[in-house]
Amino acid sequence: MSALSSWIKCATCVPFAAGLAACAGLPQPFSQLDGHRYNLTPIDTYSVQIVRVDDHDTLSSPVLVDPGMRKVTVQGPPDGTHRFGEQRTVELNIAPCTRYYLVAQKANRLTPDFAVKVDYQEPIGGCSSTVASK
């Protein structure tokens, strides 16, 4: 067996093991908040940036959260006169093992006012909503 073939085997096994270890480290159960639009058809909805969950700042997408009542602050899309959109805080009851897609719904493209709504929610595959007792 040459040194090159053993290096290739090692190079393919390390990322696989690292990915497996990363998945095992996720808290169970968990949920996700995503600021991208799921349904692209409605012309009055826009993507949002999730900036804070329960007084913890974040710019991750999607954001991992624990189930339960959560205060979520999002930054909406820019309007016709401002470079950055306004921020809104909403309370959401987050179910375990669920991915939520949040959007801003505006009356028209130029108005700064918007409402935050859940565009879509789906179950997260591989997530266990019940924690096994040891």
# chains A, B, ... in the order shown; residues from 1 in each chain; ligands from 1
call {"tool": "residues_around", "arguments": {"residues": "Thr81 (chain A)", "least_positions_apart": "4", "cutoff": "10 Å", "atoms": "only C-alpha atoms", "output": "list in words"}}
result
Gly85, Leu110, Thr111 and Pro112 of chain A
call {"tool": "write_last_selection", "arguments": {"atoms": "C-alpha atoms", "output": "PDB file, in the first residue's frame"}}
result
ATOM      1  CA  GLY A  85     -34.615  48.184   7.330  1.00  0.00           C
ATOM      2  CA  LEU A 110     -41.464  51.676  -0.502  1.00  0.00           C
ATOM      3  CA  THR A 111     -43.137  51.697   2.900  1.00  0.00           C
ATOM      4  CA  PRO A 112     -40.903  51.129   5.928  1.00  0.00           C
TER       5      PRO A 112
END
call {"tool": "atom_distance", "arguments": {"atom1": "CA of Thr98 (chain A)", "atom2": "CA of Pro78 (chain A)"}}
result
28.4 Å
call {"tool": "residues_around", "arguments": {"residues": "Ser31 (chain A)", "least_positions_apart": "5", "cutoff": "6 Å", "atoms": "only C-alpha atoms", "output": "tab-separated table (two decimals) with N, CA and C atoms, in the first residue's frame"}}
result
chain	number	residue	atom	x	y	z
A	64	LEU	N	-30.18	28.31	15.55
A	64	LEU	CA	-30.64	27.21	16.39
A	64	LEU	C	-31.21	27.77	17.68
A	65	VAL	N	-32.42	27.36	18.05
A	65	VAL	CA	-33.07	27.83	19.27
A	65	VAL	C	-33.67	26.65	20.02
A	96	PRO	N	-40.81	21.98	19.26
A	96	PRO	CA	-39.57	21.22	19.11
A	96	PRO	C	-39.43	20.62	17.72
A	97	CYS	N	-38.19	20.55	17.26
A	97	CYS	CA	-37.86	19.90	15.98
A	97	CYS	C	-38.61	20.50	14.79
A	98	THR	N	-38.71	21.82	14.78
A	98	THR	CA	-39.42	22.50	13.71
A	98	THR	C	-38.55	23.62	13.16
A	99	ARG	N	-38.54	23.77	11.82
A	99	ARG	CA	-37.84	24.86	11.16
A	99	ARG	C	-38.88	25.89	10.73
call {"tool": "closest_atom_pairs", "arguments": {"of": "region 93-116 of chain A", "to": "region 46-56 of chain A", "cutoff": "10 Å", "atoms": "only C-alpha atoms", "output": "CSV"}}
result
residue,atom,partner,partner_atom,distance
A:Tyr101,CA,A:Ser47,CA,9.1
A:Leu102,CA,A:Val48,CA,7.0
A:Val103,CA,A:Ser47,CA,5.1
A:Ala104,CA,A:Tyr46,CA,5.1
A:Gln105,CA,A:Tyr46,CA,6.5
A:Lys106,CA,A:Tyr46,CA,7.9
A:Arg109,CA,A:Tyr46,CA,9.3
A:Phe114,CA,A:Tyr46,CA,9.5
A:Val116,CA,A:Val48,CA,8.7
call {"tool": "write_last_selection", "arguments": {"atoms": "C-alpha atoms", "output": "PDB file, in the first residue's frame"}}
result
ATOM      1  CA  TYR A 101     -39.155  30.545   7.795  1.00  0.00           C
ATOM      2  CA  LEU A 102     -39.818  34.152   8.833  1.00  0.00           C
ATOM      3  CA  VAL A 103     -40.620  36.950   6.383  1.00  0.00           C
ATOM      4  CA  ALA A 104     -41.565  40.615   6.396  1.00  0.00           C
ATOM      5  CA  GLN A 105     -44.931  41.394   4.862  1.00  0.00           C
ATOM      6  CA  LYS A 106     -45.266  44.939   3.504  1.00  0.00           C
ATOM      7  CA  ARG A 109     -42.147  48.094  -1.647  1.00  0.00           C
ATOM      8  CA  PHE A 114     -43.902  45.684   7.902  1.00  0.00           C
ATOM      9  CA  VAL A 116     -43.293  39.683  10.731  1.00  0.00           C
TER      10      VAL A 116
END
call {"tool": "atom_distance", "arguments": {"atom1": "CA of Leu40 (chain A)", "atom2": "CA of Glu122 (chain A)"}}
result
16.2 Å
call {"tool": "closest_residue", "arguments": {"among": "A:Asp66, A:Asp113, A:Asp79, A:Asp119", "to": "Asn93 (chain A)", "atoms": "only C-alpha atoms"}}
result
A:Asp66
call {"tool": "atom_distance", "arguments": {"atom1": "CA of Arg83 (chain A)", "atom2": "CA of Ser60 (chain A)"}}
result
20.9 Å
call {"tool": "closest_residue", "arguments": {"among": "A:Gln32, A:Val74, A:Gln87, A:Tyr38", "to": "Pro62 (chain A)", "atoms": "only C-alpha atoms"}}
result
A:Gln32
call {"tool": "closest_residue", "arguments": {"among": "A:Leu59, A:Phe84, A:Arg70, A:Thr45", "to": "Ala115 (chain A)", "atoms": "only C-alpha atoms"}}
result
A:Thr45
call {"tool": "residues_around", "arguments": {"residues": "Ala95 (chain A)", "least_positions_apart": "6", "cutoff": "10 Å", "atoms": "only C-alpha atoms", "output": "VMD selection string"}}
result
chain A and resid 29 to 32 66 to 69 121 123 129
call {"tool": "closest_residue", "arguments": {"among": "A:Lys117, A:Cys127, A:Asn108, A:Tyr100", "to": "Arg88 (chain A)", "atoms": "only C-alpha atoms"}}
result
A:Lys117
call {"tool": "closest_residue", "arguments": {"among": "A:Leu33, A:Pro42, A:Glu91, A:Pro77", "to": "Thr58 (chain A)", "atoms": "only C-alpha atoms"}}
result
A:Leu33
